[in-house]
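To start, the structure itself, in structure tokens.
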Amino acid sequence: MSLYYDRYSDFRTNGAMFPLPGIIIPKSESDKFYIFHKGKDRLDKISNVYYTNPYSGWLIMLANPEYGGLEYLIPDMVTLRIPFPFESAIDSYITQVNTYIMLYGQ
């Protein structure tokens, strides 16, 4: 699996974009943890360190829903859970998306 995943691919049909479901990445014993320094850190940089791509900050946000969906709402000095490894986190996301689509359609 590539170290990039287009999370919008299952929600684009004939040029239309459907809303993404609220998915939370479950905890795993292999997860990593990172102390976030507001004003210094960015999710693209953290994603690049742990996933070797700067495009998966959204995955980190899904693992930390208590901070909302916007990076600027993350408080200073909180510990973020980094779903790890990337492939397992993406597999979990895909499973949840498929379950959502099966239950609710697009």
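Naming scheme: A, B, ... for chains in displayed order of the structure tokens; residues 1 onward per chain; ligands 1 onward as shown.
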
According to DSSP computed on the backbone, where in chain A is there strand (DSSP E)? Give the residues as a PDB file with all heavy atoms, in the first residue's frame.
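The result, stored in selection-v1.pdb:
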ATOM      1  N   ARG A  12     -16.788  10.515  -3.937  1.00  0.00           N
ATOM      2  CA  ARG A  12     -16.899  11.264  -5.185  1.00  0.00           C
ATOM      3  C   ARG A  12     -17.607  10.389  -6.209  1.00  0.00           C
ATOM      4  O   ARG A  12     -17.170   9.283  -6.473  1.00  0.00           O
ATOM      5  CB  ARG A  12     -15.498  11.577  -5.735  1.00  0.00           C
ATOM      6  CG  ARG A  12     -15.018  12.926  -5.439  1.00  0.00           C
ATOM      7  CD  ARG A  12     -13.734  13.217  -6.227  1.00  0.00           C
ATOM      8  NE  ARG A  12     -12.685  13.545  -5.292  1.00  0.00           N
ATOM      9  CZ  ARG A  12     -11.623  12.811  -5.019  1.00  0.00           C
ATOM     10  NH1 ARG A  12     -11.405  11.682  -5.633  1.00  0.00           N
ATOM     11  NH2 ARG A  12     -10.746  13.200  -4.139  1.00  0.00           N
ATOM     12  N   THR A  13     -18.709  10.885  -6.757  1.00  0.00           N
ATOM     13  CA  THR A  13     -19.429  10.136  -7.785  1.00  0.00           C
ATOM     14  C   THR A  13     -19.921  11.111  -8.848  1.00  0.00           C
ATOM     15  O   THR A  13     -20.653  12.050  -8.533  1.00  0.00           O
ATOM     16  CB  THR A  13     -20.635   9.388  -7.179  1.00  0.00           C
ATOM     17  OG1 THR A  13     -20.176   8.574  -6.106  1.00  0.00           O
ATOM     18  CG2 THR A  13     -21.317   8.515  -8.203  1.00  0.00           C
ATOM     19  N   ALA A  16     -19.887  14.736  -8.209  1.00  0.00           N
ATOM     20  CA  ALA A  16     -20.525  15.181  -6.966  1.00  0.00           C
ATOM     21  C   ALA A  16     -19.721  14.675  -5.776  1.00  0.00           C
ATOM     22  O   ALA A  16     -19.129  13.595  -5.822  1.00  0.00           O
ATOM     23  CB  ALA A  16     -21.955  14.661  -6.883  1.00  0.00           C
ATOM     24  N   MET A  17     -19.723  15.448  -4.724  1.00  0.00           N
ATOM     25  CA  MET A  17     -19.010  15.076  -3.509  1.00  0.00           C
ATOM     26  C   MET A  17     -20.025  14.876  -2.391  1.00  0.00           C
ATOM     27  O   MET A  17     -20.853  15.741  -2.142  1.00  0.00           O
ATOM     28  CB  MET A  17     -18.025  16.187  -3.147  1.00  0.00           C
ATOM     29  CG  MET A  17     -17.156  15.871  -1.992  1.00  0.00           C
ATOM     30  SD  MET A  17     -15.958  14.635  -2.473  1.00  0.00           S
ATOM     31  CE  MET A  17     -15.115  14.445  -0.963  1.00  0.00           C
ATOM     32  N   LYS A  32       1.517   5.617  18.425  1.00  0.00           N
ATOM     33  CA  LYS A  32       2.575   6.485  18.948  1.00  0.00           C
ATOM     34  C   LYS A  32       1.912   7.689  19.602  1.00  0.00           C
ATOM     35  O   LYS A  32       0.726   7.944  19.403  1.00  0.00           O
ATOM     36  CB  LYS A  32       3.496   6.958  17.816  1.00  0.00           C
ATOM     37  CG  LYS A  32       4.086   5.845  16.978  1.00  0.00           C
ATOM     38  CD  LYS A  32       5.076   5.042  17.755  1.00  0.00           C
ATOM     39  CE  LYS A  32       5.704   3.985  16.843  1.00  0.00           C
ATOM     40  NZ  LYS A  32       6.590   3.116  17.544  1.00  0.00           N
ATOM     41  N   PHE A  33       2.679   8.426  20.370  1.00  0.00           N
ATOM     42  CA  PHE A  33       2.155   9.613  21.038  1.00  0.00           C
ATOM     43  C   PHE A  33       3.110  10.776  20.839  1.00  0.00           C
ATOM     44  O   PHE A  33       4.328  10.584  20.790  1.00  0.00           O
ATOM     45  CB  PHE A  33       1.934   9.323  22.527  1.00  0.00           C
ATOM     46  CG  PHE A  33       0.874   8.275  22.737  1.00  0.00           C
ATOM     47  CD1 PHE A  33       1.213   6.935  22.800  1.00  0.00           C
ATOM     48  CD2 PHE A  33      -0.459   8.628  22.813  1.00  0.00           C
ATOM     49  CE1 PHE A  33       0.248   5.956  22.951  1.00  0.00           C
ATOM     50  CE2 PHE A  33      -1.438   7.656  22.963  1.00  0.00           C
ATOM     51  CZ  PHE A  33      -1.077   6.323  23.042  1.00  0.00           C
ATOM     52  N   TYR A  34       2.531  11.969  20.707  1.00  0.00           N
ATOM     53  CA  TYR A  34       3.326  13.148  20.396  1.00  0.00           C
ATOM     54  C   TYR A  34       2.778  14.339  21.172  1.00  0.00           C
ATOM     55  O   TYR A  34       1.570  14.589  21.150  1.00  0.00           O
ATOM     56  CB  TYR A  34       3.252  13.422  18.891  1.00  0.00           C
ATOM     57  CG  TYR A  34       4.101  14.567  18.442  1.00  0.00           C
ATOM     58  CD1 TYR A  34       5.446  14.376  18.137  1.00  0.00           C
ATOM     59  CD2 TYR A  34       3.584  15.850  18.341  1.00  0.00           C
ATOM     60  CE1 TYR A  34       6.245  15.424  17.742  1.00  0.00           C
ATOM     61  CE2 TYR A  34       4.365  16.906  17.942  1.00  0.00           C
ATOM     62  CZ  TYR A  34       5.699  16.685  17.638  1.00  0.00           C
ATOM     63  OH  TYR A  34       6.491  17.730  17.252  1.00  0.00           O
ATOM     64  N   ILE A  35       3.640  15.075  21.850  1.00  0.00           N
ATOM     65  CA  ILE A  35       3.221  16.287  22.556  1.00  0.00           C
ATOM     66  C   ILE A  35       3.209  17.437  21.554  1.00  0.00           C
ATOM     67  O   ILE A  35       4.233  17.767  20.952  1.00  0.00           O
ATOM     68  CB  ILE A  35       4.132  16.595  23.755  1.00  0.00           C
ATOM     69  CG1 ILE A  35       4.034  15.456  24.758  1.00  0.00           C
ATOM     70  CG2 ILE A  35       3.752  17.932  24.390  1.00  0.00           C
ATOM     71  CD1 ILE A  35       4.963  15.560  25.932  1.00  0.00           C
ATOM     72  N   THR A  79      -1.160  15.731  24.430  1.00  0.00           N
ATOM     73  CA  THR A  79      -0.575  14.549  23.820  1.00  0.00           C
ATOM     74  C   THR A  79      -1.525  14.033  22.752  1.00  0.00           C
ATOM     75  O   THR A  79      -2.671  13.685  23.046  1.00  0.00           O
ATOM     76  CB  THR A  79      -0.317  13.458  24.874  1.00  0.00           C
ATOM     77  OG1 THR A  79       0.569  13.985  25.862  1.00  0.00           O
ATOM     78  CG2 THR A  79       0.313  12.232  24.237  1.00  0.00           C
ATOM     79  N   LEU A  80      -1.055  14.029  21.519  1.00  0.00           N
ATOM     80  CA  LEU A  80      -1.835  13.497  20.410  1.00  0.00           C
ATOM     81  C   LEU A  80      -1.513  12.024  20.226  1.00  0.00           C
ATOM     82  O   LEU A  80      -0.363  11.618  20.331  1.00  0.00           O
ATOM     83  CB  LEU A  80      -1.498  14.231  19.107  1.00  0.00           C
ATOM     84  CG  LEU A  80      -1.880  15.696  19.015  1.00  0.00           C
ATOM     85  CD1 LEU A  80      -1.434  16.264  17.668  1.00  0.00           C
ATOM     86  CD2 LEU A  80      -3.376  15.890  19.203  1.00  0.00           C
ATOM     87  N   ARG A  81      -2.538  11.261  19.940  1.00  0.00           N
ATOM     88  CA  ARG A  81      -2.341   9.853  19.595  1.00  0.00           C
ATOM     89  C   ARG A  81      -2.143   9.770  18.084  1.00  0.00           C
ATOM     90  O   ARG A  81      -2.925  10.300  17.314  1.00  0.00           O
ATOM     91  CB  ARG A  81      -3.543   9.021  20.022  1.00  0.00           C
ATOM     92  CG  ARG A  81      -3.386   7.532  19.738  1.00  0.00           C
ATOM     93  CD  ARG A  81      -4.500   6.723  20.363  1.00  0.00           C
ATOM     94  NE  ARG A  81      -5.811   7.055  19.876  1.00  0.00           N
ATOM     95  CZ  ARG A  81      -6.376   6.489  18.804  1.00  0.00           C
ATOM     96  NH1 ARG A  81      -5.737   5.575  18.111  1.00  0.00           N
ATOM     97  NH2 ARG A  81      -7.588   6.841  18.446  1.00  0.00           N
ATOM     98  N   ILE A  82      -1.079   9.118  17.674  1.00  0.00           N
ATOM     99  CA  ILE A  82      -0.769   8.934  16.264  1.00  0.00           C
ATOM    100  C   ILE A  82      -1.080   7.479  15.920  1.00  0.00           C
ATOM    101  O   ILE A  82      -0.392   6.570  16.387  1.00  0.00           O
ATOM    102  CB  ILE A  82       0.731   9.213  15.974  1.00  0.00           C
ATOM    103  CG1 ILE A  82       1.207  10.517  16.611  1.00  0.00           C
ATOM    104  CG2 ILE A  82       0.989   9.161  14.469  1.00  0.00           C
ATOM    105  CD1 ILE A  82       0.559  11.757  16.117  1.00  0.00           C
TER     106      ILE A  82
END

For this session: Find the spatial neighbours of Tyr72 of chain A, counting only C-alpha atoms, within a cut-off of 9 Å - ignore same-chain residues fewer than 3 positions away - and output them as a PyMOL selection string.
Result: chain A and resi 38-39+75

Dump of N, CA and C atoms for the selected residues, as a PDB file, in the first residue's frame:
ATOM      1  N   LYS A  38       1.622  24.143  20.191  1.00  0.00           N
ATOM      2  CA  LYS A  38       0.843  25.084  19.376  1.00  0.00           C
ATOM      3  C   LYS A  38       1.744  26.226  18.910  1.00  0.00           C
ATOM      4  N   GLY A  39       1.620  26.572  17.640  1.00  0.00           N
ATOM      5  CA  GLY A  39       2.439  27.638  17.081  1.00  0.00           C
ATOM      6  C   GLY A  39       3.775  27.154  16.536  1.00  0.00           C
ATOM      7  N   PRO A  75      -5.136  22.288  21.579  1.00  0.00           N
ATOM      8  CA  PRO A  75      -4.475  23.097  22.607  1.00  0.00           C
ATOM      9  C   PRO A  75      -2.965  22.829  22.679  1.00  0.00           C
TER      10      PRO A  75
END

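Our summary of the geometry notes that atom CA of Val78 of chain A is positioned 27.5 Å from atom CA of Asp6 of chain A.
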
Where does DSSP see alpha helix (DSSP H) in chain A, if you list the residues as a compact mmCIF listing (two decimals) with all heavy atoms, in the first residue's frame?
# COMPACT_ATOMS: atom_id res chain seq x y z
N LEU A 43 0.21 19.53 11.67
CA LEU A 43 -0.12 18.13 11.41
C LEU A 43 0.54 17.58 10.16
O LEU A 43 0.87 16.40 10.10
CB LEU A 43 -1.64 17.93 11.34
CG LEU A 43 -2.38 18.12 12.66
CD1 LEU A 43 -3.87 17.90 12.46
CD2 LEU A 43 -1.84 17.19 13.73
N ASP A 44 0.79 18.43 9.17
CA ASP A 44 1.48 17.93 7.98
C ASP A 44 2.91 17.52 8.31
O ASP A 44 3.41 16.51 7.81
CB ASP A 44 1.44 18.93 6.83
CG ASP A 44 2.10 20.26 7.15
OD1 ASP A 44 2.13 20.66 8.33
OD2 ASP A 44 2.57 20.92 6.20
N LYS A 45 3.55 18.26 9.20
CA LYS A 45 4.91 17.91 9.60
C LYS A 45 4.92 16.64 10.45
O LYS A 45 5.78 15.77 10.28
CB LYS A 45 5.55 19.05 10.39
CG LYS A 45 5.86 20.27 9.56
CD LYS A 45 6.51 21.32 10.42
CE LYS A 45 6.95 22.52 9.62
NZ LYS A 45 7.65 23.50 10.47
N ILE A 46 3.97 16.52 11.37
CA ILE A 46 3.88 15.33 12.21
C ILE A 46 3.57 14.11 11.34
O ILE A 46 4.18 13.04 11.51
CB ILE A 46 2.82 15.52 13.32
CG1 ILE A 46 3.23 16.67 14.25
CG2 ILE A 46 2.62 14.23 14.11
CD1 ILE A 46 2.14 17.13 15.18
N SER A 47 2.66 14.27 10.39
CA SER A 47 2.34 13.19 9.46
C SER A 47 3.58 12.76 8.68
O SER A 47 3.81 11.57 8.49
CB SER A 47 1.24 13.66 8.49
OG SER A 47 1.04 12.73 7.46
N ASN A 48 4.35 13.71 8.26
CA ASN A 48 5.56 13.39 7.50
C ASN A 48 6.57 12.60 8.33
O ASN A 48 7.23 11.70 7.83
CB ASN A 48 6.19 14.67 6.95
CG ASN A 48 7.08 14.40 5.76
OD1 ASN A 48 6.75 13.59 4.92
ND2 ASN A 48 8.20 15.08 5.70
N VAL A 49 6.67 12.92 9.62
CA VAL A 49 7.59 12.20 10.51
C VAL A 49 7.15 10.75 10.70
O VAL A 49 7.95 9.82 10.57
CB VAL A 49 7.71 12.91 11.88
CG1 VAL A 49 8.42 12.03 12.89
CG2 VAL A 49 8.41 14.24 11.73
N TYR A 50 5.86 10.54 10.99
CA TYR A 50 5.38 9.20 11.32
C TYR A 50 4.97 8.37 10.10
O TYR A 50 5.05 7.15 10.13
CB TYR A 50 4.22 9.28 12.30
CG TYR A 50 4.68 9.69 13.68
CD1 TYR A 50 4.65 11.03 14.08
CD2 TYR A 50 5.19 8.76 14.57
CE1 TYR A 50 5.09 11.40 15.33
CE2 TYR A 50 5.64 9.13 15.82
CZ TYR A 50 5.58 10.45 16.19
OH TYR A 50 6.03 10.82 17.44
N TYR A 51 4.50 9.04 9.04
CA TYR A 51 3.98 8.32 7.87
C TYR A 51 4.79 8.53 6.60
O TYR A 51 4.43 8.00 5.56
CB TYR A 51 2.53 8.74 7.59
CG TYR A 51 1.57 8.55 8.74
CD1 TYR A 51 0.59 9.49 9.00
CD2 TYR A 51 1.63 7.42 9.57
CE1 TYR A 51 -0.32 9.32 10.03
CE2 TYR A 51 0.72 7.25 10.60
CZ TYR A 51 -0.25 8.20 10.82
OH TYR A 51 -1.14 8.04 11.84
N GLY A 57 -2.49 14.22 7.98
CA GLY A 57 -2.84 14.85 9.24
C GLY A 57 -4.29 14.57 9.62
O GLY A 57 -4.63 14.50 10.80
N TRP A 58 -5.15 14.40 8.62
CA TRP A 58 -6.56 14.08 8.87
C TRP A 58 -6.69 12.78 9.66
O TRP A 58 -7.60 12.65 10.50
CB TRP A 58 -7.33 13.99 7.55
CG TRP A 58 -6.83 12.93 6.62
CD1 TRP A 58 -5.84 13.07 5.67
CD2 TRP A 58 -7.25 11.56 6.56
NE1 TRP A 58 -5.63 11.87 5.03
CE2 TRP A 58 -6.49 10.93 5.54
CE3 TRP A 58 -8.19 10.81 7.23
CZ2 TRP A 58 -6.65 9.59 5.20
CZ3 TRP A 58 -8.36 9.48 6.89
CH2 TRP A 58 -7.60 8.89 5.89
N LEU A 59 -5.78 11.84 9.44
CA LEU A 59 -5.81 10.56 10.14
C LEU A 59 -5.52 10.78 11.63
O LEU A 59 -6.14 10.17 12.50
CB LEU A 59 -4.79 9.61 9.51
CG LEU A 59 -4.86 8.14 9.82
CD1 LEU A 59 -6.21 7.56 9.44
CD2 LEU A 59 -3.76 7.41 9.09
N ILE A 60 -4.60 11.68 11.91
CA ILE A 60 -4.27 12.02 13.29
C ILE A 60 -5.47 12.70 13.95
O ILE A 60 -5.80 12.42 15.11
CB ILE A 60 -3.01 12.90 13.35
CG1 ILE A 60 -1.81 12.13 12.79
CG2 ILE A 60 -2.74 13.39 14.77
CD1 ILE A 60 -0.57 12.96 12.53
N MET A 61 -6.15 13.57 13.21
CA MET A 61 -7.34 14.23 13.77
C MET A 61 -8.45 13.21 14.07
O MET A 61 -9.14 13.34 15.07
CB MET A 61 -7.86 15.32 12.82
CG MET A 61 -6.98 16.55 12.75
SD MET A 61 -6.64 17.37 14.33
CE MET A 61 -8.25 17.89 14.86
N LEU A 62 -8.61 12.20 13.20
CA LEU A 62 -9.64 11.18 13.45
C LEU A 62 -9.33 10.35 14.70
O LEU A 62 -10.23 9.80 15.31
CB LEU A 62 -9.78 10.26 12.24
CG LEU A 62 -10.37 10.88 10.97
CD1 LEU A 62 -10.44 9.84 9.86
CD2 LEU A 62 -11.73 11.49 11.22
N ALA A 63 -8.07 10.27 15.05
CA ALA A 63 -7.68 9.53 16.25
C ALA A 63 -7.80 10.39 17.51
O ALA A 63 -7.72 9.87 18.62
CB ALA A 63 -6.24 9.04 16.11
N PHE A 86 0.86 3.21 9.69
CA PHE A 86 -0.02 3.85 8.73
C PHE A 86 -0.97 2.85 8.07
O PHE A 86 -2.18 3.09 7.98
CB PHE A 86 0.83 4.57 7.66
CG PHE A 86 0.03 5.26 6.60
CD1 PHE A 86 -0.57 6.48 6.85
CD2 PHE A 86 -0.12 4.69 5.34
CE1 PHE A 86 -1.30 7.14 5.87
CE2 PHE A 86 -0.85 5.34 4.36
CZ PHE A 86 -1.44 6.56 4.63
N GLU A 87 -0.44 1.74 7.61
CA GLU A 87 -1.24 0.76 6.90
C GLU A 87 -2.39 0.23 7.75
O GLU A 87 -3.51 0.07 7.27
CB GLU A 87 -0.37 -0.41 6.40
CG GLU A 87 0.64 -0.03 5.35
CD GLU A 87 1.93 0.60 5.91
OE1 GLU A 87 2.07 0.74 7.15
OE2 GLU A 87 2.79 0.95 5.10
N SER A 88 -2.13 -0.03 9.02
CA SER A 88 -3.19 -0.52 9.91
C SER A 88 -4.25 0.54 10.15
O SER A 88 -5.45 0.23 10.19
CB SER A 88 -2.60 -0.95 11.25
OG SER A 88 -1.72 -2.02 11.08
N ALA A 89 -3.82 1.78 10.31
CA ALA A 89 -4.77 2.87 10.53
C ALA A 89 -5.65 3.07 9.30
O ALA A 89 -6.87 3.24 9.42
CB ALA A 89 -4.02 4.15 10.88
N ILE A 90 -5.05 3.01 8.11
CA ILE A 90 -5.83 3.16 6.87
C ILE A 90 -6.78 1.98 6.71
O ILE A 90 -7.94 2.15 6.32
CB ILE A 90 -4.90 3.30 5.65
CG1 ILE A 90 -4.18 4.65 5.69
CG2 ILE A 90 -5.66 3.13 4.34
CD1 ILE A 90 -5.09 5.86 5.62
N ASP A 91 -6.32 0.77 7.02
CA ASP A 91 -7.20 -0.41 6.94
C ASP A 91 -8.42 -0.23 7.85
O ASP A 91 -9.55 -0.56 7.47
CB ASP A 91 -6.46 -1.68 7.30
CG ASP A 91 -5.49 -2.14 6.22
OD1 ASP A 91 -5.59 -1.65 5.07
OD2 ASP A 91 -4.62 -2.98 6.54
N SER A 92 -8.20 0.28 9.05
CA SER A 92 -9.29 0.53 9.98
C SER A 92 -10.26 1.57 9.41
O SER A 92 -11.48 1.41 9.47
CB SER A 92 -8.74 1.00 11.33
OG SER A 92 -9.78 1.37 12.18
N TYR A 93 -9.70 2.63 8.84
CA TYR A 93 -10.53 3.67 8.23
C TYR A 93 -11.37 3.09 7.09
O TYR A 93 -12.58 3.32 7.02
CB TYR A 93 -9.64 4.82 7.72
CG TYR A 93 -10.42 5.89 7.01
CD1 TYR A 93 -11.12 6.85 7.73
CD2 TYR A 93 -10.49 5.93 5.63
CE1 TYR A 93 -11.85 7.83 7.08
CE2 TYR A 93 -11.22 6.90 4.97
CZ TYR A 93 -11.90 7.86 5.70
OH TYR A 93 -12.64 8.82 5.06
N ILE A 94 -10.73 2.33 6.21
CA ILE A 94 -11.43 1.75 5.06
C ILE A 94 -12.55 0.82 5.51
O ILE A 94 -13.66 0.84 4.96
CB ILE A 94 -10.44 1.02 4.12
CG1 ILE A 94 -9.52 2.03 3.44
CG2 ILE A 94 -11.17 0.17 3.10
CD1 ILE A 94 -8.34 1.41 2.71
N THR A 95 -12.29 0.01 6.53
CA THR A 95 -13.31 -0.89 7.07
C THR A 95 -14.51 -0.10 7.57
O THR A 95 -15.67 -0.45 7.29
CB THR A 95 -12.73 -1.76 8.19
OG1 THR A 95 -11.68 -2.56 7.66
CG2 THR A 95 -13.79 -2.64 8.84
N GLN A 96 -14.25 0.98 8.28
CA GLN A 96 -15.34 1.79 8.81
C GLN A 96 -16.11 2.51 7.69
O GLN A 96 -17.33 2.63 7.75
CB GLN A 96 -14.81 2.80 9.82
CG GLN A 96 -14.34 2.12 11.11
CD GLN A 96 -13.90 3.14 12.12
OE1 GLN A 96 -14.71 3.95 12.56
NE2 GLN A 96 -12.63 3.11 12.49
N VAL A 97 -15.40 2.98 6.67
CA VAL A 97 -16.06 3.61 5.52
C VAL A 97 -16.95 2.60 4.82
O VAL A 97 -18.11 2.89 4.48
CB VAL A 97 -15.03 4.22 4.55
CG1 VAL A 97 -15.67 4.54 3.20
CG2 VAL A 97 -14.39 5.46 5.14
N ASN A 98 -16.43 1.40 4.58
CA ASN A 98 -17.23 0.37 3.91
C ASN A 98 -18.46 0.00 4.71
O ASN A 98 -19.54 -0.22 4.14
CB ASN A 98 -16.37 -0.86 3.61
CG ASN A 98 -15.34 -0.60 2.52
OD1 ASN A 98 -15.49 0.32 1.72
ND2 ASN A 98 -14.29 -1.38 2.52
N THR A 99 -18.33 -0.09 6.02
CA THR A 99 -19.48 -0.37 6.88
C THR A 99 -20.51 0.76 6.79
O THR A 99 -21.71 0.51 6.65
CB THR A 99 -19.03 -0.57 8.34
OG1 THR A 99 -18.13 -1.66 8.41
CG2 THR A 99 -20.22 -0.81 9.26
N TYR A 100 -20.03 1.99 6.81
CA TYR A 100 -20.93 3.14 6.69
C TYR A 100 -21.67 3.09 5.36
O TYR A 100 -22.90 3.28 5.31
CB TYR A 100 -20.11 4.43 6.79
CG TYR A 100 -20.93 5.67 6.56
CD1 TYR A 100 -21.62 6.27 7.61
CD2 TYR A 100 -21.04 6.24 5.29
CE1 TYR A 100 -22.38 7.42 7.40
CE2 TYR A 100 -21.80 7.37 5.07
CZ TYR A 100 -22.46 7.95 6.13
OH TYR A 100 -23.22 9.07 5.91
N ILE A 101 -20.96 2.86 4.27
CA ILE A 101 -21.59 2.82 2.95
C ILE A 101 -22.60 1.67 2.87
O ILE A 101 -23.69 1.83 2.32
CB ILE A 101 -20.52 2.72 1.83
CG1 ILE A 101 -19.74 4.04 1.75
CG2 ILE A 101 -21.16 2.37 0.50
CD1 ILE A 101 -18.53 4.00 0.86
N MET A 102 -22.26 0.51 3.44
CA MET A 102 -23.16 -0.62 3.43
C MET A 102 -24.46 -0.29 4.20
O MET A 102 -25.56 -0.63 3.78
CB MET A 102 -22.49 -1.85 4.05
CG MET A 102 -23.35 -3.09 4.05
SD MET A 102 -22.54 -4.48 4.83
CE MET A 102 -22.52 -3.95 6.54
N LEU A 103 -24.32 0.40 5.33
CA LEU A 103 -25.48 0.70 6.16
C LEU A 103 -26.30 1.89 5.65
O LEU A 103 -27.53 1.88 5.72
CB LEU A 103 -25.04 1.00 7.60
CG LEU A 103 -24.47 -0.19 8.38
CD1 LEU A 103 -23.91 0.28 9.72
CD2 LEU A 103 -25.52 -1.25 8.58
N TYR A 104 -25.62 2.92 5.17
CA TYR A 104 -26.30 4.17 4.84
C TYR A 104 -26.21 4.58 3.38
O TYR A 104 -26.86 5.55 2.99
CB TYR A 104 -25.73 5.31 5.70
CG TYR A 104 -25.79 5.01 7.17
CD1 TYR A 104 -24.63 4.71 7.87
CD2 TYR A 104 -27.00 5.02 7.86
CE1 TYR A 104 -24.67 4.44 9.23
CE2 TYR A 104 -27.06 4.75 9.21
CZ TYR A 104 -25.88 4.44 9.89
OH TYR A 104 -25.94 4.18 11.22

Problem set entry | Coordinates-based distance that separates atom CA of Phe11 of chain A from atom CA of Ser30 of chain A (Å, one decimal) |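 Going from atom CA of Ser30 of chain A over to atom CA of Phe11 of chain A covers 28.9 Å.
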
Exercise. When you draw a straight line from atom CA of Arg7 of chain A to atom CA of Gly69 of chain A, how long is it in Å?
Worked result: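 Going from atom CA of Arg7 of chain A over to atom CA of Gly69 of chain A, I get 14.7 Å.
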
Exercise. Nearest to Gly22 of chain A among A:Phe36, A:Thr52, A:Leu3, A:Gly68, with distances taken over only C-alpha atoms: which residue is it?
Worked result: A:Gly68

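You can rank A:Pro65, A:Met77, A:Pro85, A:Tyr4 by their closest distance to Asp41 of chain A using only C-alpha atoms, and at the top of that list sits A:Met77.
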